[in-house]
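S.K.: One file: start_38.cif (mmCIF, N, CA and C atoms).
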```cif
data_upload
loop_
_atom_site.label_atom_id
_atom_site.label_comp_id
_atom_site.auth_asym_id
_atom_site.auth_seq_id
_atom_site.Cartn_x
_atom_site.Cartn_y
_atom_site.Cartn_z
N MET A 1 -30.38 1.25 15.09
CA MET A 1 -30.00 0.68 13.82
C MET A 1 -29.15 -0.56 14.10
N SER A 2 -29.52 -1.68 13.55
CA SER A 2 -28.78 -2.91 13.81
C SER A 2 -27.63 -3.08 12.82
N GLU A 3 -26.60 -3.81 13.28
CA GLU A 3 -25.45 -4.09 12.44
C GLU A 3 -25.80 -5.16 11.43
N ALA A 4 -25.17 -5.08 10.27
CA ALA A 4 -25.36 -6.11 9.25
C ALA A 4 -24.71 -7.39 9.73
N PRO A 5 -25.31 -8.52 9.43
CA PRO A 5 -24.71 -9.79 9.86
C PRO A 5 -23.39 -10.03 9.14
N ASP A 6 -22.47 -10.70 9.83
CA ASP A 6 -21.19 -11.05 9.23
C ASP A 6 -21.42 -12.27 8.35
N LEU A 7 -21.15 -12.15 7.07
CA LEU A 7 -21.42 -13.22 6.13
C LEU A 7 -20.25 -14.19 5.97
N LEU A 8 -19.14 -13.91 6.63
CA LEU A 8 -17.96 -14.75 6.51
C LEU A 8 -17.83 -15.67 7.73
N THR A 9 -17.31 -16.85 7.48
CA THR A 9 -17.05 -17.79 8.57
C THR A 9 -15.75 -17.41 9.26
N ASP A 10 -15.51 -18.02 10.41
CA ASP A 10 -14.25 -17.79 11.12
C ASP A 10 -13.06 -18.21 10.26
N GLU A 11 -13.21 -19.29 9.52
CA GLU A 11 -12.13 -19.76 8.65
C GLU A 11 -11.85 -18.75 7.53
N GLN A 12 -12.90 -18.16 6.99
CA GLN A 12 -12.71 -17.17 5.93
C GLN A 12 -12.04 -15.91 6.49
N HIS A 13 -12.43 -15.50 7.68
CA HIS A 13 -11.77 -14.35 8.32
C HIS A 13 -10.29 -14.65 8.53
N ALA A 14 -9.98 -15.86 8.99
CA ALA A 14 -8.59 -16.24 9.23
C ALA A 14 -7.79 -16.24 7.93
N PHE A 15 -8.40 -16.74 6.86
CA PHE A 15 -7.73 -16.75 5.57
C PHE A 15 -7.42 -15.32 5.12
N LEU A 16 -8.41 -14.45 5.20
CA LEU A 16 -8.20 -13.06 4.76
C LEU A 16 -7.14 -12.38 5.62
N ALA A 17 -7.13 -12.65 6.92
CA ALA A 17 -6.09 -12.09 7.78
C ALA A 17 -4.71 -12.58 7.32
N SER A 18 -4.63 -13.85 6.90
CA SER A 18 -3.35 -14.38 6.44
C SER A 18 -2.90 -13.70 5.14
N VAL A 19 -3.85 -13.29 4.31
CA VAL A 19 -3.49 -12.58 3.08
C VAL A 19 -2.86 -11.23 3.43
N PHE A 20 -3.42 -10.53 4.40
CA PHE A 20 -2.82 -9.27 4.83
C PHE A 20 -1.43 -9.50 5.42
N ASP A 21 -1.26 -10.62 6.12
CA ASP A 21 0.06 -10.94 6.67
C ASP A 21 1.08 -11.15 5.55
N LEU A 22 0.66 -11.75 4.44
CA LEU A 22 1.58 -11.94 3.31
C LEU A 22 2.08 -10.60 2.79
N ALA A 23 1.20 -9.60 2.72
CA ALA A 23 1.61 -8.27 2.28
C ALA A 23 2.57 -7.64 3.29
N ARG A 24 2.24 -7.77 4.58
CA ARG A 24 3.11 -7.21 5.63
C ARG A 24 4.48 -7.89 5.64
N ASP A 25 4.49 -9.20 5.40
CA ASP A 25 5.72 -9.97 5.49
C ASP A 25 6.53 -9.97 4.19
N GLY A 26 5.93 -9.48 3.11
CA GLY A 26 6.64 -9.42 1.83
C GLY A 26 6.73 -10.75 1.12
N ASP A 27 5.76 -11.62 1.34
CA ASP A 27 5.74 -12.91 0.66
C ASP A 27 5.06 -12.73 -0.70
N ALA A 28 5.82 -12.18 -1.63
CA ALA A 28 5.27 -11.81 -2.94
C ALA A 28 4.77 -13.01 -3.72
N ALA A 29 5.48 -14.12 -3.67
CA ALA A 29 5.09 -15.30 -4.46
C ALA A 29 3.75 -15.88 -3.99
N ARG A 30 3.61 -16.06 -2.69
CA ARG A 30 2.34 -16.61 -2.18
C ARG A 30 1.21 -15.63 -2.40
N LEU A 31 1.47 -14.36 -2.17
CA LEU A 31 0.43 -13.36 -2.39
C LEU A 31 0.00 -13.36 -3.85
N ALA A 32 0.95 -13.42 -4.76
CA ALA A 32 0.63 -13.46 -6.19
C ALA A 32 -0.26 -14.65 -6.51
N SER A 33 0.03 -15.80 -5.92
CA SER A 33 -0.79 -16.99 -6.21
C SER A 33 -2.22 -16.80 -5.72
N TYR A 34 -2.40 -16.17 -4.58
CA TYR A 34 -3.75 -15.92 -4.08
C TYR A 34 -4.48 -14.89 -4.95
N LEU A 35 -3.76 -13.87 -5.38
CA LEU A 35 -4.37 -12.86 -6.25
C LEU A 35 -4.77 -13.49 -7.58
N ASP A 36 -3.90 -14.31 -8.11
CA ASP A 36 -4.18 -14.97 -9.38
C ASP A 36 -5.35 -15.96 -9.26
N ALA A 37 -5.59 -16.43 -8.04
CA ALA A 37 -6.71 -17.36 -7.80
C ALA A 37 -8.01 -16.62 -7.51
N GLY A 38 -7.96 -15.28 -7.42
CA GLY A 38 -9.19 -14.53 -7.27
C GLY A 38 -9.33 -13.63 -6.06
N VAL A 39 -8.33 -13.60 -5.17
CA VAL A 39 -8.40 -12.64 -4.06
C VAL A 39 -8.31 -11.24 -4.66
N PRO A 40 -9.21 -10.34 -4.27
CA PRO A 40 -9.19 -8.98 -4.84
C PRO A 40 -7.88 -8.25 -4.53
N VAL A 41 -7.28 -7.65 -5.55
CA VAL A 41 -6.01 -6.96 -5.37
C VAL A 41 -6.16 -5.74 -4.45
N ASP A 42 -7.35 -5.16 -4.40
CA ASP A 42 -7.57 -3.99 -3.54
C ASP A 42 -8.33 -4.35 -2.26
N LEU A 43 -8.14 -5.59 -1.81
CA LEU A 43 -8.73 -6.03 -0.54
C LEU A 43 -8.35 -5.04 0.55
N THR A 44 -9.31 -4.69 1.39
CA THR A 44 -9.12 -3.66 2.40
C THR A 44 -9.47 -4.20 3.77
N ASN A 45 -8.66 -3.89 4.78
CA ASN A 45 -8.94 -4.35 6.13
C ASN A 45 -9.82 -3.33 6.88
N ALA A 46 -10.07 -3.59 8.13
CA ALA A 46 -10.98 -2.75 8.93
C ALA A 46 -10.47 -1.32 9.10
N ALA A 47 -9.17 -1.10 8.95
CA ALA A 47 -8.58 0.23 9.06
C ALA A 47 -8.48 0.93 7.72
N GLY A 48 -8.99 0.29 6.69
CA GLY A 48 -8.94 0.88 5.36
C GLY A 48 -7.63 0.64 4.63
N ASP A 49 -6.73 -0.14 5.24
CA ASP A 49 -5.45 -0.44 4.60
C ASP A 49 -5.64 -1.47 3.51
N THR A 50 -5.09 -1.18 2.34
CA THR A 50 -5.08 -2.16 1.25
C THR A 50 -3.81 -2.99 1.38
N LEU A 51 -3.77 -4.06 0.61
CA LEU A 51 -2.55 -4.87 0.55
C LEU A 51 -1.37 -4.01 0.10
N LEU A 52 -1.61 -3.11 -0.84
CA LEU A 52 -0.56 -2.22 -1.34
C LEU A 52 -0.04 -1.29 -0.25
N ILE A 53 -0.93 -0.71 0.52
CA ILE A 53 -0.51 0.17 1.61
C ILE A 53 0.35 -0.60 2.61
N LEU A 54 -0.07 -1.80 2.97
CA LEU A 54 0.69 -2.59 3.94
C LEU A 54 2.06 -2.99 3.39
N ALA A 55 2.10 -3.43 2.15
CA ALA A 55 3.39 -3.81 1.55
C ALA A 55 4.31 -2.60 1.46
N ALA A 56 3.77 -1.45 1.10
CA ALA A 56 4.58 -0.23 0.99
C ALA A 56 5.11 0.19 2.36
N TYR A 57 4.25 0.18 3.36
CA TYR A 57 4.66 0.58 4.71
C TYR A 57 5.76 -0.32 5.25
N HIS A 58 5.68 -1.60 4.93
CA HIS A 58 6.67 -2.56 5.43
C HIS A 58 7.86 -2.71 4.48
N GLU A 59 7.94 -1.82 3.48
CA GLU A 59 9.11 -1.67 2.62
C GLU A 59 9.42 -2.89 1.76
N HIS A 60 8.38 -3.52 1.23
CA HIS A 60 8.55 -4.71 0.39
C HIS A 60 8.35 -4.35 -1.08
N ALA A 61 9.42 -3.92 -1.72
CA ALA A 61 9.34 -3.43 -3.10
C ALA A 61 8.83 -4.51 -4.06
N GLU A 62 9.31 -5.74 -3.92
CA GLU A 62 8.87 -6.80 -4.83
C GLU A 62 7.37 -7.07 -4.66
N THR A 63 6.90 -7.07 -3.44
CA THR A 63 5.47 -7.29 -3.19
C THR A 63 4.66 -6.14 -3.76
N VAL A 64 5.16 -4.93 -3.61
CA VAL A 64 4.50 -3.77 -4.21
C VAL A 64 4.41 -3.94 -5.72
N ARG A 65 5.48 -4.37 -6.34
CA ARG A 65 5.47 -4.57 -7.80
C ARG A 65 4.47 -5.65 -8.20
N VAL A 66 4.40 -6.73 -7.44
CA VAL A 66 3.43 -7.80 -7.72
C VAL A 66 2.01 -7.24 -7.68
N LEU A 67 1.73 -6.45 -6.68
CA LEU A 67 0.39 -5.86 -6.55
C LEU A 67 0.11 -4.88 -7.68
N LEU A 68 1.08 -4.07 -8.02
CA LEU A 68 0.90 -3.10 -9.12
C LEU A 68 0.69 -3.81 -10.45
N GLN A 69 1.44 -4.88 -10.68
CA GLN A 69 1.28 -5.64 -11.93
C GLN A 69 -0.12 -6.23 -12.06
N ARG A 70 -0.78 -6.43 -10.94
CA ARG A 70 -2.12 -7.01 -10.95
C ARG A 70 -3.20 -5.95 -10.79
N GLY A 71 -2.81 -4.67 -10.94
CA GLY A 71 -3.78 -3.59 -11.00
C GLY A 71 -4.13 -2.91 -9.69
N ALA A 72 -3.30 -3.04 -8.67
CA ALA A 72 -3.60 -2.38 -7.40
C ALA A 72 -3.76 -0.87 -7.62
N ASP A 73 -4.72 -0.30 -6.95
CA ASP A 73 -5.06 1.11 -7.07
C ASP A 73 -4.15 1.95 -6.18
N THR A 74 -3.28 2.75 -6.79
CA THR A 74 -2.34 3.59 -6.03
C THR A 74 -3.04 4.77 -5.37
N ALA A 75 -4.25 5.08 -5.77
CA ALA A 75 -4.96 6.25 -5.24
C ALA A 75 -5.78 5.95 -3.98
N ARG A 76 -5.89 4.69 -3.61
CA ARG A 76 -6.69 4.34 -2.43
C ARG A 76 -6.08 4.94 -1.18
N VAL A 77 -6.93 5.43 -0.29
CA VAL A 77 -6.48 5.97 0.99
C VAL A 77 -7.09 5.13 2.11
N ASN A 78 -6.37 5.03 3.21
CA ASN A 78 -6.89 4.31 4.36
C ASN A 78 -7.71 5.26 5.24
N ASP A 79 -8.13 4.79 6.39
CA ASP A 79 -8.98 5.60 7.26
C ASP A 79 -8.26 6.81 7.84
N ARG A 80 -6.94 6.86 7.71
CA ARG A 80 -6.14 8.00 8.17
C ARG A 80 -5.73 8.89 7.01
N ALA A 81 -6.36 8.70 5.84
CA ALA A 81 -6.11 9.48 4.62
C ALA A 81 -4.70 9.29 4.09
N GLN A 82 -4.11 8.10 4.33
CA GLN A 82 -2.76 7.80 3.86
C GLN A 82 -2.84 6.88 2.64
N THR A 83 -1.95 7.14 1.69
CA THR A 83 -1.82 6.28 0.51
C THR A 83 -0.60 5.38 0.68
N ALA A 84 -0.45 4.44 -0.23
CA ALA A 84 0.76 3.60 -0.22
C ALA A 84 2.00 4.45 -0.42
N LEU A 85 1.92 5.47 -1.27
CA LEU A 85 3.07 6.35 -1.51
C LEU A 85 3.43 7.12 -0.25
N VAL A 86 2.46 7.62 0.46
CA VAL A 86 2.73 8.31 1.72
C VAL A 86 3.42 7.36 2.70
N ALA A 87 2.93 6.12 2.79
CA ALA A 87 3.53 5.14 3.69
C ALA A 87 4.98 4.87 3.32
N ALA A 88 5.25 4.73 2.04
CA ALA A 88 6.62 4.45 1.58
C ALA A 88 7.55 5.63 1.84
N VAL A 89 7.06 6.84 1.61
CA VAL A 89 7.87 8.03 1.88
C VAL A 89 8.15 8.13 3.38
N PHE A 90 7.14 7.91 4.19
CA PHE A 90 7.31 7.96 5.65
C PHE A 90 8.41 7.00 6.10
N ARG A 91 8.45 5.83 5.49
CA ARG A 91 9.45 4.83 5.87
C ARG A 91 10.79 5.04 5.16
N GLY A 92 10.84 5.96 4.20
CA GLY A 92 12.08 6.21 3.47
C GLY A 92 12.46 5.07 2.53
N ALA A 93 11.47 4.38 2.02
CA ALA A 93 11.67 3.20 1.17
C ALA A 93 11.80 3.62 -0.29
N THR A 94 12.99 3.98 -0.70
CA THR A 94 13.23 4.53 -2.02
C THR A 94 12.74 3.61 -3.15
N ASP A 95 13.05 2.32 -3.08
CA ASP A 95 12.63 1.40 -4.15
C ASP A 95 11.11 1.32 -4.25
N VAL A 96 10.44 1.36 -3.12
CA VAL A 96 8.98 1.31 -3.11
C VAL A 96 8.42 2.61 -3.67
N VAL A 97 8.99 3.73 -3.25
CA VAL A 97 8.54 5.03 -3.78
C VAL A 97 8.70 5.06 -5.29
N ARG A 98 9.84 4.62 -5.77
CA ARG A 98 10.09 4.62 -7.22
C ARG A 98 9.04 3.76 -7.94
N ALA A 99 8.78 2.57 -7.45
CA ALA A 99 7.81 1.67 -8.09
C ALA A 99 6.42 2.30 -8.12
N LEU A 100 6.04 2.92 -7.03
CA LEU A 100 4.70 3.53 -6.96
C LEU A 100 4.58 4.73 -7.89
N VAL A 101 5.60 5.58 -7.91
CA VAL A 101 5.55 6.76 -8.78
C VAL A 101 5.58 6.34 -10.24
N GLU A 102 6.39 5.34 -10.57
CA GLU A 102 6.43 4.85 -11.95
C GLU A 102 5.08 4.26 -12.37
N ALA A 103 4.32 3.77 -11.39
CA ALA A 103 2.99 3.22 -11.67
C ALA A 103 1.91 4.29 -11.70
N GLY A 104 2.30 5.54 -11.48
CA GLY A 104 1.35 6.64 -11.58
C GLY A 104 0.79 7.15 -10.27
N ALA A 105 1.37 6.74 -9.13
CA ALA A 105 0.89 7.24 -7.84
C ALA A 105 1.05 8.75 -7.78
N ASP A 106 0.05 9.41 -7.27
CA ASP A 106 0.03 10.88 -7.18
C ASP A 106 0.70 11.34 -5.89
N PRO A 107 1.83 12.06 -5.99
CA PRO A 107 2.52 12.52 -4.78
C PRO A 107 1.72 13.53 -3.96
N ARG A 108 0.66 14.07 -4.53
CA ARG A 108 -0.16 15.06 -3.81
C ARG A 108 -1.45 14.48 -3.25
N ARG A 109 -1.61 13.16 -3.33
CA ARG A 109 -2.80 12.51 -2.79
C ARG A 109 -2.54 12.08 -1.36
N GLY A 110 -3.55 12.23 -0.51
CA GLY A 110 -3.43 11.87 0.90
C GLY A 110 -3.30 13.12 1.75
N SER A 111 -3.43 12.93 3.04
CA SER A 111 -3.37 14.07 3.95
C SER A 111 -2.69 13.64 5.25
N PRO A 112 -1.44 14.03 5.44
CA PRO A 112 -0.63 14.81 4.53
C PRO A 112 -0.23 13.99 3.31
N ASP A 113 0.13 14.67 2.24
CA ASP A 113 0.53 13.97 1.02
C ASP A 113 2.01 13.58 1.09
N ALA A 114 2.46 12.83 0.10
CA ALA A 114 3.83 12.31 0.10
C ALA A 114 4.87 13.42 0.07
N VAL A 115 4.59 14.48 -0.65
CA VAL A 115 5.54 15.61 -0.71
C VAL A 115 5.67 16.25 0.67
N ALA A 116 4.56 16.47 1.34
CA ALA A 116 4.59 17.08 2.68
C ALA A 116 5.34 16.19 3.66
N VAL A 117 5.15 14.88 3.56
CA VAL A 117 5.84 13.95 4.47
C VAL A 117 7.34 13.99 4.19
N ALA A 118 7.74 13.97 2.94
CA ALA A 118 9.16 14.03 2.60
C ALA A 118 9.77 15.35 3.08
N GLU A 119 9.05 16.44 2.91
CA GLU A 119 9.55 17.74 3.38
C GLU A 119 9.69 17.74 4.90
N HIS A 120 8.69 17.22 5.59
CA HIS A 120 8.71 17.20 7.06
C HIS A 120 9.92 16.44 7.60
N PHE A 121 10.25 15.33 6.97
CA PHE A 121 11.36 14.51 7.44
C PHE A 121 12.68 14.81 6.74
N GLY A 122 12.70 15.85 5.91
CA GLY A 122 13.93 16.26 5.24
C GLY A 122 14.48 15.21 4.29
N GLN A 123 13.63 14.48 3.65
CA GLN A 123 14.04 13.42 2.73
C GLN A 123 14.24 14.00 1.33
N GLN A 124 15.38 14.66 1.16
CA GLN A 124 15.67 15.36 -0.09
C GLN A 124 15.71 14.42 -1.29
N ALA A 125 16.29 13.24 -1.11
CA ALA A 125 16.37 12.30 -2.23
C ALA A 125 14.97 11.90 -2.69
N LEU A 126 14.07 11.68 -1.74
CA LEU A 126 12.71 11.31 -2.12
C LEU A 126 11.97 12.49 -2.72
N LEU A 127 12.21 13.69 -2.22
CA LEU A 127 11.61 14.88 -2.83
C LEU A 127 12.05 15.00 -4.27
N GLY A 128 13.33 14.76 -4.51
CA GLY A 128 13.84 14.81 -5.88
C GLY A 128 13.18 13.75 -6.75
N LEU A 129 13.02 12.56 -6.23
CA LEU A 129 12.38 11.49 -6.98
C LEU A 129 10.92 11.84 -7.28
N LEU A 130 10.22 12.36 -6.30
CA LEU A 130 8.82 12.75 -6.52
C LEU A 130 8.72 13.85 -7.56
N ALA A 131 9.63 14.83 -7.51
CA ALA A 131 9.59 15.95 -8.46
C ALA A 131 9.96 15.49 -9.86
N VAL A 132 11.03 14.70 -9.96
CA VAL A 132 11.48 14.24 -11.28
C VAL A 132 10.42 13.37 -11.91
N GLU A 133 9.87 12.45 -11.14
CA GLU A 133 8.87 11.54 -11.69
C GLU A 133 7.60 12.28 -12.08
N ARG A 134 7.29 13.37 -11.38
CA ARG A 134 6.13 14.17 -11.76
C ARG A 134 6.41 14.94 -13.05
N GLY A 135 7.72 15.15 -13.34
CA GLY A 135 8.09 15.83 -14.56
C GLY A 135 8.08 17.34 -14.44
N ASP A 136 8.00 17.85 -13.22
CA ASP A 136 7.95 19.31 -13.11
C ASP A 136 9.29 19.90 -12.68
N GLY A 137 10.25 19.04 -12.35
CA GLY A 137 11.58 19.52 -12.02
C GLY A 137 11.68 20.32 -10.74
N SER A 138 10.60 20.39 -9.96
CA SER A 138 10.68 21.19 -8.71
C SER A 138 11.25 20.39 -7.58
#
```
Spell out the structure here as structure tokens.
M.R.:
Amino acid sequence: MSEAPDLLTDEQHAFLASVFDLARDGDAARLASYLDAGVPVDLTNAAGDTLLILAAYHEHAETVRVLLQRGADTARVNDRAQTALVAAVFRGATDVVRALVEAGADPRRGSPDAVAVAEHFGQQALLGLLAVERGDGS
């Protein structure tokens, strides 16, 4: 079975790589301008990471908010079954966790899910935030 031809030029690949770097680096303003110009908000790299997952993992709350305001999908999982919420909990990024949960991110999505990650690392404050935001008080 042959591989599908790559339809993008080297310049296009470089541009898309730079968009992922904006998410990693937390350059919310430049990223917003690219999204507003038509770059897909749920753009995914070869590892299945979305811009939202990368921004969350690198603890960039403002960038996460920019992506959420433009409709980023909180339920997307990467190739390791991790969501943006799982990444934020793993990093202990309270502001990012709060933004994602307020946007409707499911604490039980992913494998392991955000609740399991918070429990594993003893992140009681994040467990409380996940429980309160879910509305179940547990």
S.K.: Work out how far atom C of Ala87 of chain A is from atom N of Arg70 of chain A, in Å to one decimal.
M.R.: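 For atom N of Arg70 of chain A relative to atom C of Ala87 of chain A, the distance reads 19.1 Å.
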S.K.: Could you state the separation of atom N of Val86 of chain A and atom N of Ala116 of chain A in Å, given to one decimal place?
M.R.: 9.1 Å
S.K.: Which protein, DNA or RNA residues have an atom at most 12 Å from (13.1, -7.4, -6.8), counting only C-alpha atoms? List them as a list in words.
M.R.: Gly26, Asp27, Ala28, Ala29, Glu59, His60, Ala61, Glu62, Thr63, Val64, Arg65, Val66, Asp95, Val96 and Ala99 of chain A
S.K.: Within 8 Å of (-0.9, -12.4, 0.2), in the coordinates the file gives, what residues turn up when you count all atoms listed in the file, written out as a list of chain:residue names?
M.R.: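 Those residues, ordered by chain and then number, are A:Ser18, A:Val19, A:Phe20, A:Asp21, A:Leu22, A:Ala23, A:Arg24, A:Gly26, A:Asp27, A:Ala28, A:Ala29, A:Arg30, A:Leu31, A:Ala32, A:Ser33, A:Tyr34, A:Leu35, A:Leu51.
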S.K.: With distances taken over only C-alpha atoms, which of A:Asp10, A:Ala46, A:Ala17, A:Ala56 is nearest to Arg91 of chain A?
M.R.: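 Residue with the minimum atom-to-atom distance to Arg91 of chain A: A:Ala56.
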S.K.: Just checking: using only C-alpha atoms, which residue out of A:Asp79, A:Gln12, A:Leu68, A:Gln124 ends up closest to Glu102 of chain A?
M.R.: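 Closest to Glu102 of chain A of all the choices is A:Leu68.
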S.K.: Kindly indicate which residue among A:Ile53, A:Leu67, A:Asn45, A:Val77 lies nearest to Asp113 of chain A, using only C-alpha atoms for the distances.
M.R.: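 Looking at the shortest contact to Asp113 of chain A, the residue is A:Val77.
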S.K.: Mind giving me the straight-line distance from atom CA of Ser111 of chain A to atom CA of Asn78 of chain A in Å, one decimal?
M.R.: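 Interatomic distance here is 10.4 Å.
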S.K.: Expand the PyMOL selection byres ((chain A and resi 115) around 8) into the explicit residue set it covers here, and present it as a ChimeraX atom specification.
M.R.: /A:85-86,89,106-109,112-114,116-121,126-127,130-131
S.K.: Have a look at A:Leu54, A:Ala103, A:Ala125, A:Arg98 and name the one nearest to Ala84 of chain A; count only C-alpha atoms.
M.R.: A:Leu54
S.K.: Just asking: which residues within chain A are alpha helix (DSSP H) according to DSSP, as a ChimeraX atom specification?
M.R.: /A:10-25,28-36,51-57,61-69,84-91,94-102,114-120,124-134
S.K.: Given only C-alpha atoms as the basis, pick out the residue of A:Gln123, A:Thr44, A:Gly38, A:Gln69 nearest to Ala93 of chain A.
M.R.: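 Of A:Gln123, A:Thr44, A:Gly38, A:Gln69, the one nearest Ala93 of chain A is A:Gln123, counting only C-alpha atoms.
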S.K.: Because the input lacks atoms here, generate all heavy atoms for segment 21-29 of chain A and report them as a short mmCIF file (atom, residue, chain, number, x, y, z; two decimals), keeping the file's coordinate frame.
M.R.:
```cif
data_model
loop_
_atom_site.label_atom_id
_atom_site.label_comp_id
_atom_site.auth_asym_id
_atom_site.auth_seq_id
_atom_site.Cartn_x
_atom_site.Cartn_y
_atom_site.Cartn_z
N ASP A 21 -1.26 -10.62 6.12
CA ASP A 21 0.06 -10.94 6.67
C ASP A 21 1.08 -11.15 5.55
O ASP A 21 2.25 -10.78 5.70
CB ASP A 21 -0.01 -12.18 7.55
CG ASP A 21 -0.71 -11.93 8.87
OD1 ASP A 21 -0.81 -10.74 9.29
OD2 ASP A 21 -1.16 -12.92 9.50
N LEU A 22 0.66 -11.75 4.44
CA LEU A 22 1.58 -11.94 3.31
C LEU A 22 2.08 -10.60 2.79
O LEU A 22 3.26 -10.45 2.45
CB LEU A 22 0.89 -12.72 2.19
CG LEU A 22 0.50 -14.16 2.50
CD1 LEU A 22 -0.29 -14.76 1.33
CD2 LEU A 22 1.72 -15.00 2.83
N ALA A 23 1.20 -9.60 2.72
CA ALA A 23 1.61 -8.27 2.28
C ALA A 23 2.57 -7.64 3.29
O ALA A 23 3.58 -7.06 2.91
CB ALA A 23 0.38 -7.38 2.08
N ARG A 24 2.24 -7.77 4.58
CA ARG A 24 3.11 -7.21 5.63
C ARG A 24 4.48 -7.89 5.64
O ARG A 24 5.50 -7.24 5.89
CB ARG A 24 2.47 -7.41 7.01
CG ARG A 24 1.40 -6.46 7.35
CD ARG A 24 0.94 -6.68 8.81
NE ARG A 24 -0.36 -6.10 9.00
CZ ARG A 24 -1.51 -6.75 8.86
NH1 ARG A 24 -1.53 -8.04 8.58
NH2 ARG A 24 -2.65 -6.12 9.03
N ASP A 25 4.49 -9.20 5.40
CA ASP A 25 5.72 -9.97 5.49
C ASP A 25 6.53 -9.97 4.19
O ASP A 25 7.66 -10.45 4.17
CB ASP A 25 5.41 -11.42 5.87
CG ASP A 25 4.80 -11.54 7.26
OD1 ASP A 25 4.93 -10.59 8.07
OD2 ASP A 25 4.17 -12.59 7.53
N GLY A 26 5.93 -9.48 3.11
CA GLY A 26 6.64 -9.42 1.83
C GLY A 26 6.73 -10.75 1.12
O GLY A 26 7.65 -10.98 0.34
N ASP A 27 5.76 -11.62 1.34
CA ASP A 27 5.74 -12.91 0.66
C ASP A 27 5.06 -12.73 -0.70
O ASP A 27 3.91 -13.10 -0.91
CB ASP A 27 5.01 -13.95 1.51
CG ASP A 27 5.22 -15.36 1.01
OD1 ASP A 27 5.54 -15.54 -0.19
OD2 ASP A 27 5.03 -16.30 1.82
N ALA A 28 5.82 -12.18 -1.63
CA ALA A 28 5.27 -11.81 -2.94
C ALA A 28 4.77 -13.01 -3.72
O ALA A 28 3.71 -12.93 -4.36
CB ALA A 28 6.33 -11.06 -3.76
N ALA A 29 5.48 -14.12 -3.67
CA ALA A 29 5.09 -15.30 -4.46
C ALA A 29 3.75 -15.88 -3.99
O ALA A 29 2.86 -16.15 -4.80
CB ALA A 29 6.18 -16.36 -4.40
#
```
